[in-house]
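Here the structure is laid out as structure tokens; the discussion comes afterwards.
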Amino acid sequence: MCFRLIPALLLTVAPALAETGAFRVDGLPRGDALSIRETPDASAPVLGQAPEGARLRGFGCTNETPSGLTWCRVKAGPILGWARRRYLAPD
């Protein structure tokens, strides 16, 4: 029975953490920067910002967030946090 639970658990987690690799910040309103937050929530503290066109390393995305919106775990230089998927294009 344990062997059946493990694959089922992996199937439910894997799609939520898809999209690893490199991203480029894209689609921001003119003059804005992408906020990188502590948790995948718009009310979470901002750890830093990335300008339009910046390249970020991606570590997976999820829509299992308080808002239901998709957020991705990203790294920009030394900053590791969460950014809205809406503003990330594959690079």
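Letters A, B, ... mark the chains of the structure tokens in the order given; residue numbers begin at 1 per chain; ligand numbers begin at 1, in order shown.
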Compile the contact shell of Leu47 of chain A as an NGL selection string: residues with an atom at most 7 Å away, counting only C-alpha atoms, same-chain residues fewer than 3 positions apart removed.
:A and (36-38 or 79)
Enumerate the residues of segment 28-73 of chain A with a DSSP assignment of strand (DSSP E or B), computed from the backbone, and present them as a ChimeraX atom specification.
/A:33-37,46-51,55-62,71-73
What does the structure give for the distance between atom CA of Ala76 of chain A and atom CA of Ala42 of chain A, in Å to one decimal?
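Separating atom CA of Ala76 of chain A from atom CA of Ala42 of chain A is a distance of 18.0 Å.
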Measuring between only C-alpha atoms, which one of A:Gly68, A:Thr20, A:Val25, A:Arg85 shows the shortest distance to Arg55 of chain A?
A:Val25
Between A:Trp82, A:Pro40, A:Ala54, A:Lys75, single out the one closest to Arg24 of chain A, counting only C-alpha atoms.
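That would be A:Ala54, the residue with the smallest distance to Arg24 of chain A.
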Compare A:Leu88, A:Val74, A:Ala44, A:Glu52 by their minimum atom-to-atom distance to Arg30 of chain A, counting only C-alpha atoms, and give me the closest one.
A:Glu52
Would you please work out which residue, of A:Tyr87, A:Phe59, A:Phe23, A:Trp71, is nearest to Thr39 of chain A when using only C-alpha atoms?
A:Trp71
Please, what distance in Å, to one decimal, runs between atom CA of Pro29 of chain A and atom CA of Arg73 of chain A?
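Straight-line distance from atom CA of Pro29 of chain A to atom CA of Arg73 of chain A works out to 21.4 Å.
The space between atom CA of Thr65 of chain A and atom CA of Val46 of chain A spans 16.5 Å.
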